[in-house]
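Colleague: Please find structure24.txt (compact mmCIF, C-alpha atoms and all ligand atoms) on the next line:
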# COMPACT_ATOMS: atom_id res chain seq x y z
CA MET A 14 0.00 0.00 0.00
CA ILE A 15 1.39 3.41 -0.96
CA VAL A 16 1.04 6.12 1.68
CA LYS A 17 -1.07 8.93 0.25
CA GLY A 18 -1.51 12.64 1.03
CA HIS A 19 1.44 14.94 0.55
CA ASN A 20 0.99 17.05 3.69
CA VAL A 21 0.39 14.07 5.90
CA LYS A 22 3.56 12.52 4.52
CA LYS A 23 5.50 15.69 5.20
CA LEU A 24 4.24 15.86 8.75
CA LEU A 25 5.13 12.23 9.33
CA ALA A 26 8.56 12.79 7.87
CA VAL A 27 9.13 15.72 10.20
CA LEU A 28 8.00 13.64 13.18
CA GLY A 29 10.30 10.84 11.99
CA CYS A 30 13.15 13.32 11.86
CA PHE A 31 12.21 14.60 15.31
CA PHE A 32 12.61 11.10 16.74
CA SER A 33 15.82 10.36 14.91
CA CYS A 34 17.26 13.74 15.87
CA GLN A 35 16.57 12.94 19.52
CA LEU A 36 18.29 9.62 19.03
CA ALA A 37 21.23 11.21 17.33
CA ALA A 38 21.62 13.58 20.24
CA GLN A 39 21.57 10.59 22.58
CA THR A 40 24.37 8.87 20.64
CA LYS A 41 26.60 11.93 21.36
CA LEU A 42 29.21 11.36 18.67
CA SER A 43 31.80 14.04 19.16
CA SER A 44 34.91 14.83 17.17
CA ASP A 45 37.12 12.81 19.51
CA GLU A 46 35.01 9.70 18.87
CA PRO A 47 36.93 6.98 17.06
CA ARG A 48 36.72 6.66 13.30
CA LEU A 49 34.94 3.68 11.83
CA ARG A 50 37.70 3.16 9.28
CA ASP A 51 40.40 3.05 11.97
CA LEU A 52 38.50 0.58 14.10
CA TYR A 53 38.25 -1.88 11.22
CA LYS A 54 41.60 -1.20 9.60
CA GLU A 55 43.00 -4.64 10.44
CA ASP A 56 39.94 -6.29 8.87
CA PHE A 57 38.93 -4.54 5.63
CA SER A 58 38.56 -1.07 4.19
CA ILE A 59 35.23 0.68 4.75
CA GLY A 60 33.73 2.42 1.77
CA VAL A 61 30.80 4.69 1.11
CA ALA A 62 28.91 5.43 -2.10
CA VAL A 63 28.58 9.17 -2.71
CA GLN A 64 27.92 11.73 -5.42
CA ALA A 65 30.52 14.29 -6.50
CA LYS A 66 28.38 17.09 -5.01
CA GLN A 67 29.13 15.67 -1.54
CA PHE A 68 32.83 16.54 -1.73
CA GLU A 69 32.37 19.77 0.19
CA GLY A 70 31.02 21.00 3.50
CA ALA A 71 29.71 18.66 6.18
CA PRO A 72 29.34 15.55 3.97
CA ALA A 73 33.02 15.80 2.99
CA GLY A 74 33.93 15.88 6.69
CA LEU A 75 31.91 12.75 7.41
CA ILE A 76 33.33 10.91 4.43
CA THR A 77 36.93 11.57 5.31
CA ARG A 78 36.40 10.97 9.02
CA HIS A 79 34.88 7.50 8.81
CA PHE A 80 35.65 5.97 5.43
CA ASN A 81 38.75 5.04 3.45
CA ARG A 82 37.15 4.00 0.17
CA LEU A 83 34.65 5.56 -2.25
CA SER A 84 32.21 4.29 -4.85
CA ALA A 85 30.43 6.64 -7.23
CA GLU A 86 26.68 6.29 -6.81
CA PHE A 87 26.06 7.35 -10.44
CA GLU A 88 29.03 9.06 -12.03
CA MET A 89 30.96 6.04 -13.34
CA LYS A 90 27.97 4.43 -15.08
CA TRP A 91 27.79 4.46 -18.86
CA ALA A 92 25.07 7.07 -19.48
CA PRO A 93 26.22 9.63 -16.87
CA LEU A 94 29.73 9.54 -18.37
CA LEU A 95 28.54 10.78 -21.72
CA ASP A 96 27.53 14.19 -22.97
CA SER A 97 25.85 13.17 -26.21
CA ARG A 98 28.54 10.83 -27.62
CA GLN A 99 31.53 12.51 -25.96
CA TYR A 100 32.97 11.24 -22.72
CA ASN A 101 32.89 13.86 -20.00
CA PHE A 102 35.10 12.88 -17.07
CA ALA A 103 34.65 16.10 -15.07
CA LYS A 104 32.70 14.50 -12.21
CA VAL A 105 34.81 11.37 -12.22
CA ASN A 106 37.88 13.59 -11.97
CA HIS A 107 36.41 15.05 -8.76
CA PHE A 108 36.37 11.54 -7.34
CA VAL A 109 40.01 11.09 -8.29
CA GLN A 110 41.07 14.45 -6.83
CA PHE A 111 39.09 14.02 -3.60
CA SER A 112 40.33 10.48 -3.08
CA GLN A 113 43.95 11.50 -3.70
CA ARG A 114 43.70 14.49 -1.36
CA HIS A 115 42.31 12.34 1.45
CA GLN A 116 44.06 9.04 0.73
CA LEU A 117 40.88 7.15 -0.06
CA LYS A 118 40.76 4.14 -2.36
CA LEU A 119 38.40 4.14 -5.34
CA THR A 120 36.09 1.37 -6.51
CA GLY A 121 34.96 1.39 -10.15
CA HIS A 122 31.21 0.84 -10.47
CA THR A 123 30.20 -0.29 -13.09
CA LEU A 124 31.04 -1.03 -16.75
CA ILE A 125 28.36 -3.40 -18.04
CA TRP A 126 24.83 -3.09 -16.60
CA HIS A 127 21.37 -3.40 -18.15
CA ILE A 128 20.33 0.04 -16.77
CA ASP A 129 21.70 3.57 -17.17
CA ASN A 130 23.04 3.10 -20.67
CA PRO A 131 23.05 5.70 -23.47
CA SER A 132 19.86 5.55 -25.54
CA TRP A 133 21.80 4.75 -28.75
CA LEU A 134 23.85 1.90 -27.32
CA PHE A 135 21.90 -1.00 -28.77
CA THR A 136 20.56 0.54 -31.99
CA ASP A 137 21.76 1.90 -35.33
CA GLN A 138 20.71 5.15 -37.01
CA GLN A 139 17.52 3.54 -38.29
CA GLY A 140 16.62 2.46 -34.78
CA GLN A 141 17.28 -1.22 -35.55
CA ALA A 142 19.17 -3.45 -33.13
CA VAL A 143 22.89 -3.41 -33.89
CA SER A 144 24.82 -6.57 -34.72
CA LYS A 145 26.88 -8.45 -32.19
CA SER A 146 30.11 -7.14 -33.72
CA VAL A 147 28.94 -3.50 -33.43
CA LEU A 148 27.92 -3.99 -29.81
CA ARG A 149 31.21 -5.76 -29.12
CA GLU A 150 33.13 -2.78 -30.50
CA ARG A 151 31.03 -0.31 -28.45
CA MET A 152 31.72 -2.30 -25.29
CA ARG A 153 35.41 -2.44 -26.12
CA THR A 154 35.61 1.32 -26.70
CA HIS A 155 33.72 2.07 -23.49
CA ILE A 156 35.80 -0.23 -21.32
CA PHE A 157 39.09 1.06 -22.74
CA GLN A 158 37.99 4.72 -22.45
CA VAL A 159 36.83 4.49 -18.85
CA MET A 160 39.36 2.07 -17.43
CA GLY A 161 42.09 3.83 -19.37
CA HIS A 162 41.10 7.19 -17.91
CA LEU A 163 41.00 5.80 -14.39
CA ARG A 164 44.01 3.48 -14.63
CA GLY A 165 46.11 3.77 -11.49
CA HIS A 166 43.25 5.47 -9.59
CA VAL A 167 40.63 2.72 -9.38
CA ASP A 168 41.93 -0.49 -7.85
CA ASN A 169 38.91 -2.71 -8.49
CA TRP A 170 36.14 -2.72 -11.09
CA ASP A 171 32.65 -4.15 -11.05
CA VAL A 172 33.01 -5.19 -14.68
CA ALA A 173 29.49 -6.60 -14.87
CA ASN A 174 26.53 -5.88 -12.60
CA GLU A 175 23.27 -7.81 -12.19
CA VAL A 176 23.44 -10.09 -15.22
CA LEU A 177 21.66 -12.96 -13.43
CA SER A 178 17.93 -13.43 -13.89
CA ASP A 179 15.38 -13.33 -11.06
CA ARG A 180 13.08 -15.64 -13.01
CA ALA A 181 12.81 -19.27 -12.01
CA GLY A 182 14.66 -21.53 -14.41
CA GLU A 183 16.37 -18.69 -16.29
CA VAL A 184 20.08 -18.20 -15.51
CA TYR A 185 20.87 -14.99 -17.36
CA ARG A 186 18.87 -11.77 -17.47
CA GLN A 187 17.48 -11.19 -20.97
CA SER A 188 19.20 -7.82 -21.29
CA GLU A 189 19.91 -6.10 -24.59
CA PHE A 190 23.52 -7.31 -24.27
CA TYR A 191 22.31 -10.89 -23.94
CA LYS A 192 19.74 -10.62 -26.71
CA ILE A 193 22.12 -9.09 -29.26
CA TYR A 194 24.86 -11.64 -28.52
CA GLY A 195 22.33 -14.46 -28.31
CA ASP A 196 23.99 -15.80 -25.16
CA GLU A 197 26.14 -14.82 -22.16
CA SER A 198 29.40 -14.63 -24.14
CA TYR A 199 29.22 -10.80 -24.04
CA LEU A 200 30.52 -11.25 -20.48
CA ILE A 201 33.58 -13.10 -21.67
CA ASP A 202 34.32 -10.24 -24.08
CA ALA A 203 33.74 -7.64 -21.37
CA TYR A 204 36.09 -9.27 -18.88
CA ARG A 205 38.77 -9.80 -21.55
CA PHE A 206 38.61 -6.14 -22.57
CA ALA A 207 38.80 -5.11 -18.91
CA ALA A 208 41.85 -7.28 -18.27
CA GLU A 209 43.57 -5.69 -21.27
CA ALA A 210 42.52 -2.13 -20.46
CA ASP A 211 44.01 -2.21 -16.96
CA PRO A 212 46.03 -5.33 -16.18
CA GLN A 213 46.60 -4.19 -12.58
CA ALA A 214 42.93 -3.75 -11.65
CA GLU A 215 40.96 -6.36 -9.77
CA LEU A 216 37.98 -7.55 -11.82
CA TRP A 217 34.76 -8.32 -9.94
CA TYR A 218 31.23 -9.51 -10.62
CA ASN A 219 28.50 -7.73 -8.60
CA ASP A 220 24.88 -8.72 -7.90
CA TYR A 221 21.98 -8.71 -5.41
CA MET A 222 20.18 -11.49 -3.54
CA ILE A 223 22.83 -14.00 -4.51
CA GLU A 224 22.47 -15.24 -0.93
CA THR A 225 19.30 -17.11 -1.87
CA PRO A 226 19.90 -20.74 -2.90
CA GLU A 227 18.24 -20.25 -6.32
CA LYS A 228 20.28 -17.24 -7.32
CA LEU A 229 23.44 -18.60 -5.72
CA ALA A 230 23.18 -21.65 -7.99
CA LYS A 231 22.99 -19.30 -11.00
CA LEU A 232 25.98 -17.35 -9.70
CA LEU A 233 28.05 -20.53 -9.41
CA GLN A 234 27.14 -21.40 -12.99
CA LEU A 235 28.27 -17.93 -14.12
CA ILE A 236 31.55 -18.23 -12.18
CA ARG A 237 32.30 -21.61 -13.77
CA THR A 238 31.48 -20.30 -17.24
CA LEU A 239 33.87 -17.40 -16.79
CA LYS A 240 36.56 -19.59 -15.28
CA SER A 241 36.37 -22.18 -18.01
CA ALA A 242 36.82 -19.40 -20.57
CA GLY A 243 40.05 -18.55 -18.72
CA ILE A 244 39.05 -15.01 -17.83
CA LYS A 245 40.41 -13.13 -14.82
CA LEU A 246 37.85 -12.87 -12.02
CA THR A 247 38.97 -11.57 -8.64
CA GLY A 248 35.81 -12.05 -6.67
CA ILE A 249 32.13 -11.53 -6.11
CA GLY A 250 30.54 -8.35 -4.84
CA PHE A 251 27.51 -8.95 -2.64
CA GLN A 252 25.40 -5.82 -3.04
CA SER A 253 23.72 -6.47 0.34
CA HIS A 254 20.59 -4.34 0.08
CA TYR A 255 19.01 -6.02 3.10
CA ASN A 256 16.10 -5.49 5.43
CA LEU A 257 15.99 -6.04 9.18
CA PHE A 258 15.41 -9.79 8.82
CA PHE A 259 16.27 -11.01 5.36
CA PRO A 260 18.47 -12.61 4.31
CA SER A 261 19.45 -14.46 7.47
CA ILE A 262 23.06 -14.46 8.63
CA ASP A 263 23.09 -18.18 7.92
CA LEU A 264 22.13 -17.69 4.26
CA ILE A 265 24.77 -15.00 3.81
CA ASP A 266 27.36 -17.19 5.51
CA LYS A 267 26.58 -20.13 3.20
CA ALA A 268 26.81 -17.92 0.10
CA PHE A 269 30.21 -16.55 1.24
CA GLN A 270 31.44 -20.11 1.73
CA ALA A 271 30.23 -21.17 -1.71
CA VAL A 272 32.11 -18.29 -3.36
CA LEU A 273 35.26 -18.95 -1.36
CA ALA A 274 35.10 -22.60 -2.40
CA GLU A 275 35.43 -21.36 -5.99
CA GLY A 276 38.76 -19.77 -5.03
CA LEU A 277 37.41 -16.21 -5.22
CA LYS A 278 37.42 -13.23 -2.86
CA ILE A 279 34.30 -11.51 -1.57
CA LYS A 280 33.31 -7.92 -0.95
CA VAL A 281 30.21 -6.22 0.38
CA SER A 282 29.60 -3.58 -2.25
CA GLU A 283 26.32 -1.75 -1.51
CA LEU A 284 25.25 -2.37 2.07
CA ASP A 285 22.10 -0.74 3.47
CA VAL A 286 19.39 -1.95 5.83
CA THR A 287 15.90 -0.74 4.98
CA ILE A 288 13.34 -0.58 7.79
CA TYR A 289 10.64 -1.90 5.43
CA SER A 290 9.84 -5.47 4.42
CA ASP A 291 8.33 -4.87 1.01
CA TYR A 292 8.93 -8.20 -0.67
CA VAL A 293 6.39 -10.77 0.40
CA ASP A 294 6.90 -14.17 -1.26
CA GLY A 295 9.20 -12.44 -3.73
CA ASN A 296 6.48 -9.97 -4.79
CA PHE A 297 6.72 -6.24 -4.16
CA GLU A 298 4.05 -5.18 -1.66
CA PRO A 299 5.13 -1.86 -0.17
CA GLU A 300 4.58 -1.37 3.53
CA PRO A 301 3.09 1.94 4.73
CA PHE A 302 5.28 4.67 6.20
CA LYS A 303 6.93 3.91 9.56
CA TYR A 304 8.63 6.24 11.98
CA CYS A 305 12.35 5.71 12.18
CA ASP A 306 11.85 5.49 15.94
CA TYR A 307 13.99 4.17 18.76
CA ASP A 308 12.83 0.55 18.50
CA ILE A 309 13.45 0.36 14.78
CA GLN A 310 16.83 2.03 15.07
CA ALA A 311 17.78 -0.38 17.85
CA GLN A 312 16.80 -3.36 15.66
CA GLN A 313 18.73 -1.86 12.78
CA ALA A 314 21.79 -1.37 14.99
CA GLN A 315 21.61 -5.02 16.02
CA ARG A 316 21.30 -6.08 12.37
CA TYR A 317 24.37 -4.03 11.36
CA ARG A 318 26.30 -5.47 14.30
CA GLU A 319 25.47 -9.06 13.36
CA LEU A 320 26.44 -8.39 9.76
CA PHE A 321 29.80 -6.93 10.74
CA GLN A 322 30.41 -9.83 13.13
CA LEU A 323 29.98 -12.13 10.14
CA TYR A 324 32.18 -9.95 7.92
CA GLN A 325 34.95 -10.08 10.46
CA ARG A 326 34.90 -13.84 10.44
CA TYR A 327 35.67 -13.59 6.72
CA ARG A 328 38.27 -10.86 7.07
CA SER A 329 40.99 -12.78 5.23
CA ALA A 330 38.79 -13.09 2.11
CA MET A 331 36.76 -9.87 2.51
CA ALA A 332 38.27 -7.12 0.36
CA HIS A 333 36.05 -4.29 1.55
CA VAL A 334 32.67 -3.33 2.94
CA THR A 335 30.94 -0.37 1.29
CA ILE A 336 27.81 1.33 2.65
CA TRP A 337 25.48 2.50 -0.13
CA GLY A 338 25.05 6.13 0.88
CA LEU A 339 26.23 8.55 3.54
CA THR A 340 23.13 10.05 5.20
CA ASP A 341 19.57 8.73 5.29
CA ASP A 342 18.18 11.57 3.17
CA GLN A 343 20.53 10.61 0.30
CA SER A 344 19.50 6.97 0.10
CA TRP A 345 18.04 5.60 -3.15
CA LEU A 346 15.51 3.76 -0.94
CA ASN A 347 13.63 7.01 -0.32
CA SER A 348 12.40 6.81 -3.88
CA MET A 349 11.25 3.18 -3.71
CA VAL A 350 7.73 4.26 -2.75
CA GLN A 351 6.62 7.78 -3.52
CA GLY A 352 6.60 9.95 -0.41
CA ARG A 353 7.77 7.18 1.92
CA ASP A 354 11.07 7.98 3.56
CA ASP A 355 13.46 5.28 4.70
CA CYS A 356 16.43 5.42 7.09
CA PRO A 357 18.75 2.59 6.02
CA LEU A 358 22.21 4.11 6.66
CA LEU A 359 24.65 4.88 9.48
CA PHE A 360 24.03 8.64 9.59
CA ASP A 361 20.68 10.42 9.90
CA ARG A 362 19.40 13.35 7.87
CA LEU A 363 21.39 15.82 9.98
CA GLY A 364 24.59 13.87 9.48
CA GLN A 365 24.55 12.57 13.06
CA GLY A 366 25.74 9.06 13.77
CA LYS A 367 22.85 6.67 14.44
CA PRO A 368 22.71 3.78 16.90
CA ALA A 369 23.87 1.55 14.01
CA LEU A 370 27.14 3.49 13.82
CA GLN A 371 27.51 3.33 17.57
CA ALA A 372 26.90 -0.43 17.51
CA LEU A 373 29.64 -0.98 14.92
CA MET A 374 32.06 1.07 16.97
CA GLU A 375 31.22 -0.56 20.30
CA TRP A 376 31.45 -4.04 18.83
CA GLN A 377 34.95 -3.31 17.59
CA GLN A 378 36.10 -1.63 20.82
CA ARG A 379 34.75 -4.40 23.07
C1 LIG A 401 21.95 -1.34 -7.83
C2 LIG A 401 23.19 -0.80 -8.53
C3 LIG A 401 23.69 0.45 -7.87
C4 LIG A 401 22.57 1.42 -7.55
C5 LIG A 401 21.53 0.72 -6.72
C6 LIG A 401 20.40 1.65 -6.37
O1 LIG A 401 22.26 -2.00 -6.69
O2 LIG A 401 24.23 -1.73 -8.59
O3 LIG A 401 24.62 1.07 -8.72
O4 LIG A 401 22.03 1.91 -8.72
O5 LIG A 401 21.02 -0.35 -7.49
O6 LIG A 401 20.85 2.90 -6.04
Turn this file's structure into structure tokens for me.
Ligand code: GLA

Modeller:
Amino acid sequence: MIVKGHNVKKLLAVLGCFFSCQLAAQTKLSSDEPRLRDLYKEDFSIGVAVQAKQFEGAPAGLITRHFNRLSAEFEMKWAPLLDSRQYNFAKVNHFVQFSQRHQLKLTGHTLIWHIDNPSWLFTDQQGQAVSKSVLRERMRTHIFQVMGHLRGHVDNWDVANEVLSDRAGEVYRQSEFYKIYGDESYLIDAYRFAAEADPQAELWYNDYMIETPEKLAKLLQLIRTLKSAGIKLTGIGFQSHYNLFFPSIDLIDKAFQAVLAEGLKIKVSELDVTIYSDYVDGNFEPEPFKYCDYDIQAQQAQRYRELFQLYQRYRSAMAHVTIWGLTDDQSWLNSMVQGRDDCPLLFDRLGQGKPALQALMEWQQR
């Protein structure tokens, strides 16, 4: 059910903020509080996904205080990189400059995805689907342009993102890449181009809900296909867009083990914990607005703590853990249901550390 009534929603949002602001005040994070990134430095780097506009003022302070790695929420995707058909690296260059100035590492996200592509990518001037060889050349050019520009700055690339299908019995998403190639071999081309474009970079595959047995089986099939083609694959990025209950720690644990058994590394690439449980039996049924109140924030803090406890057990194979957004108001989850705010991150709308942040710090200082 979608919450209706703009003013009511606004009022509820303000009340939600009122509660979370009280909570933030209670957490009393001052400037001599420890930094998240320092507390976990023996385990893995801690990243955050941001937009170039956050490289000044208070957000910049939060980023550099707590994190030592950055992902670009949008700026490194295919369509945002292009002004008409020309590459425009201005925003990406901000990421490079900011990360160099503050000694942050940079993750490359992402080269091949079924969303956020230029409108012309799959068609010719008559609007007909291009041939496999034309698409292959466009992929090659893109991968060489972007990885070439960022060579030496980005240490790991999500070469392909979300190519697995959510449909029962179908392994690969029927994306335009898949349809034009006629099979999944576009991935083999993409990873080969990436390995050539920057031989030093780690090459990853990234996806969501690969913790579920059905999708994990598809992931293992993909890994074996890539391996038998002899391509370089460093590891698997678990996006980790979770809710308070799902997936269970046990499911995540089993999926990590399955990937490790393939001789690959793991990373947590897009962690957030929504307060809503919208997927019932796999179908999207949005819950009505909830206050981000004390009880929910306490549950969320516990969920983050249990996740990090698991991550620490995998520290030797875990390359990094990246949170998908800095402050609650910036989260993509706010636009999941019109007018329904979420609070899935470690910092609230005022940039104050939430109980989840406190829980991660206390767990590490125990
Ligand atoms: C997916 C993508 C991310 C981002 C999120 C939503 O997980 O991999 O790049 O677009 O969706 O913000």

Colleague: Give me the residues within 9 Å of region 93-102 of chain A as a short mmCIF file (atom, residue, chain, number, x, y, z; two decimals) with C-alpha atoms, in the frame of the given file, counting all atoms listed in the file and dropping any in the same chain fewer than 2 places off.

Modeller:
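Contents of the output file result.cif:
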data_model
loop_
_atom_site.label_atom_id
_atom_site.label_comp_id
_atom_site.auth_asym_id
_atom_site.auth_seq_id
_atom_site.Cartn_x
_atom_site.Cartn_y
_atom_site.Cartn_z
CA PHE A 87 26.06 7.35 -10.44
CA GLU A 88 29.03 9.06 -12.03
CA MET A 89 30.96 6.04 -13.34
CA LYS A 90 27.97 4.43 -15.08
CA TRP A 91 27.79 4.46 -18.86
CA LYS A 104 32.70 14.50 -12.21
CA VAL A 105 34.81 11.37 -12.22
CA ASN A 106 37.88 13.59 -11.97
CA HIS A 107 36.41 15.05 -8.76
CA ASP A 129 21.70 3.57 -17.17
CA ASN A 130 23.04 3.10 -20.67
CA PRO A 131 23.05 5.70 -23.47
CA GLN A 158 37.99 4.72 -22.45
CA VAL A 159 36.83 4.49 -18.85
CA HIS A 162 41.10 7.19 -17.91
#

Colleague: So which residues fall inside 7 Å of (27.5, -18.4, -5.4) if we count only C-alpha atoms? Mind giving them as a list in words?

Modeller: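 Those within range, by chain then number, are Ile223, Leu229, Ala230, Leu232, Leu233, Ala268, Ala271 and Val272 of chain A.
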
Colleague: Distance limit 7 Å, reference ligand LIG 401 (chain A), atoms considered: all atoms listed in the file. Which residues make the cut? Give them as a list in words.

Modeller: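 Answer in the requested format: Glu86, Phe87, His122, Asn174, Tyr221, Gln252, Glu283 and Trp345 of chain A.
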
Colleague: Hey, can you check how far CA of Glu55 (chain A) sits from CA of Lys118 (chain A)?

Modeller: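 For CA of Glu55 (chain A) relative to CA of Lys118 (chain A), the distance reads 15.7 Å.
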
Colleague: Using only C-alpha atoms, find the one residue out of A:Ser198, A:Gln315, A:Gln365, A:Asn256 that sits nearest to Ser290 (chain A).

Modeller: A:Asn256

Colleague: Could you pull the residues within 12 Å of Ala208 (chain A), counting only C-alpha atoms, minus those fewer than 4 positions along the same chain, as number ranges by chain?

Modeller: A: 153, 156-157, 160-161, 164, 169-170, 172, 201-204, 212-217, 243-247

Colleague: Have a look at A:Ala207, A:Val176, A:Leu363, A:Leu273 and name the one nearest to His155 (chain A); count all atoms listed in the file.

Modeller: A:Ala207

Colleague: Using Å and a single decimal, report how far CA of Phe190 (chain A) sits from CA of Trp133 (chain A).

Modeller: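 Straight-line distance from CA of Trp133 (chain A) to CA of Phe190 (chain A) works out to 13.0 Å.
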
Colleague: Any idea what's packed within 7 Å of region 274-278 of chain A, counting all atoms listed in the file, ignoring anything in its chain fewer than 4 positions away? Could you give it as an mmCIF file with C-alpha atoms, in the coordinates of the input?

Modeller:
data_model
loop_
_atom_site.group_PDB
_atom_site.id
_atom_site.type_symbol
_atom_site.label_atom_id
_atom_site.label_comp_id
_atom_site.auth_asym_id
_atom_site.auth_seq_id
_atom_site.Cartn_x
_atom_site.Cartn_y
_atom_site.Cartn_z
ATOM 1 C CA THR A 247 38.970 -11.570 -8.640
ATOM 2 C CA GLY A 248 35.810 -12.050 -6.670
ATOM 3 C CA ILE A 249 32.130 -11.530 -6.110
ATOM 4 C CA GLN A 270 31.440 -20.110 1.730
ATOM 5 C CA ALA A 330 38.790 -13.090 2.110
ATOM 6 C CA MET A 331 36.760 -9.870 2.510
ATOM 7 C CA ALA A 332 38.270 -7.120 0.360
#

Colleague: Rank nothing, just name the residue among A:Gln371, A:Gln312, A:Ser344, A:Gln67 nearest to Phe258 (chain A), using all atoms listed in the file.

Modeller: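 Of A:Gln371, A:Gln312, A:Ser344, A:Gln67, the one nearest Phe258 (chain A) is A:Gln312, counting all atoms listed in the file.
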
Colleague: What does the distance from CA of Phe360 (chain A) to CA of Met374 (chain A) come to in Å, to one decimal?

Modeller: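 Atom-to-atom, CA of Phe360 (chain A) to CA of Met374 (chain A), that is 13.3 Å.
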
Colleague: Go through A:Trp126, A:Phe206, A:Tyr307, A:Phe57 and flag the residue nearest Asp171 (chain A), using only C-alpha atoms for the distances.

Modeller: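 Once distances to Asp171 (chain A) are computed over only C-alpha atoms, the minimum belongs to A:Trp126.
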
Colleague: May I ask which of the residues A:Val167, A:Ala73, A:Leu257, A:Leu124 is the closest one to Thr287 (chain A), counting only C-alpha atoms?

Modeller: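 When distances to Thr287 (chain A) are compared using only C-alpha atoms, the smallest one comes from A:Leu257.
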
Colleague: Can I get region 319-332 of chain A with N, CA, C and O atoms filled in, as an mmCIF file, in the coordinates of the input?

Modeller:
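Below you can see result01.cif, which holds the result:
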data_model
loop_
_atom_site.group_PDB
_atom_site.id
_atom_site.type_symbol
_atom_site.label_atom_id
_atom_site.label_comp_id
_atom_site.auth_asym_id
_atom_site.auth_seq_id
_atom_site.Cartn_x
_atom_site.Cartn_y
_atom_site.Cartn_z
ATOM 1 N N GLU A 319 25.363 -7.637 13.719
ATOM 2 C CA GLU A 319 25.470 -9.060 13.360
ATOM 3 C C GLU A 319 26.131 -9.228 11.993
ATOM 4 O O GLU A 319 26.904 -10.159 11.773
ATOM 5 N N LEU A 320 25.817 -8.310 11.082
ATOM 6 C CA LEU A 320 26.440 -8.390 9.760
ATOM 7 C C LEU A 320 27.954 -8.194 9.866
ATOM 8 O O LEU A 320 28.741 -8.955 9.306
ATOM 9 N N PHE A 321 28.361 -7.190 10.621
ATOM 10 C CA PHE A 321 29.800 -6.930 10.740
ATOM 11 C C PHE A 321 30.517 -8.054 11.519
ATOM 12 O O PHE A 321 31.687 -8.321 11.264
ATOM 13 N N GLN A 322 29.806 -8.669 12.446
ATOM 14 C CA GLN A 322 30.410 -9.830 13.130
ATOM 15 C C GLN A 322 30.717 -10.913 12.117
ATOM 16 O O GLN A 322 31.777 -11.532 12.136
ATOM 17 N N LEU A 323 29.760 -11.140 11.197
ATOM 18 C CA LEU A 323 29.980 -12.130 10.140
ATOM 19 C C LEU A 323 31.133 -11.693 9.232
ATOM 20 O O LEU A 323 32.029 -12.483 8.916
ATOM 21 N N TYR A 324 31.133 -10.432 8.832
ATOM 22 C CA TYR A 324 32.180 -9.950 7.920
ATOM 23 C C TYR A 324 33.565 -10.146 8.539
ATOM 24 O O TYR A 324 34.518 -10.492 7.856
ATOM 25 N N GLN A 325 33.636 -9.923 9.829
ATOM 26 C CA GLN A 325 34.950 -10.080 10.460
ATOM 27 C C GLN A 325 35.435 -11.508 10.453
ATOM 28 O O GLN A 325 36.631 -11.756 10.352
ATOM 29 N N ARG A 326 34.485 -12.440 10.519
ATOM 30 C CA ARG A 326 34.900 -13.840 10.440
ATOM 31 C C ARG A 326 35.513 -14.157 9.078
ATOM 32 O O ARG A 326 36.278 -15.092 8.940
ATOM 33 N N TYR A 327 35.151 -13.369 8.086
ATOM 34 C CA TYR A 327 35.670 -13.590 6.720
ATOM 35 C C TYR A 327 36.765 -12.593 6.366
ATOM 36 O O TYR A 327 37.043 -12.390 5.194
ATOM 37 N N ARG A 328 37.371 -11.985 7.373
ATOM 38 C CA ARG A 328 38.270 -10.860 7.070
ATOM 39 C C ARG A 328 39.390 -11.213 6.099
ATOM 40 O O ARG A 328 39.805 -10.379 5.315
ATOM 41 N N SER A 329 39.860 -12.465 6.116
ATOM 42 C CA SER A 329 40.990 -12.780 5.230
ATOM 43 C C SER A 329 40.558 -12.827 3.761
ATOM 44 O O SER A 329 41.389 -12.686 2.861
ATOM 45 N N ALA A 330 39.269 -13.024 3.509
ATOM 46 C CA ALA A 330 38.790 -13.090 2.110
ATOM 47 C C ALA A 330 37.976 -11.853 1.734
ATOM 48 O O ALA A 330 37.639 -11.655 0.568
ATOM 49 N N MET A 331 37.645 -11.024 2.730
ATOM 50 C CA MET A 331 36.760 -9.870 2.510
ATOM 51 C C MET A 331 37.607 -8.656 2.094
ATOM 52 O O MET A 331 38.404 -8.141 2.887
ATOM 53 N N ALA A 332 37.443 -8.220 0.850
ATOM 54 C CA ALA A 332 38.270 -7.120 0.360
ATOM 55 C C ALA A 332 37.825 -5.789 0.972
ATOM 56 O O ALA A 332 38.648 -5.004 1.422
#
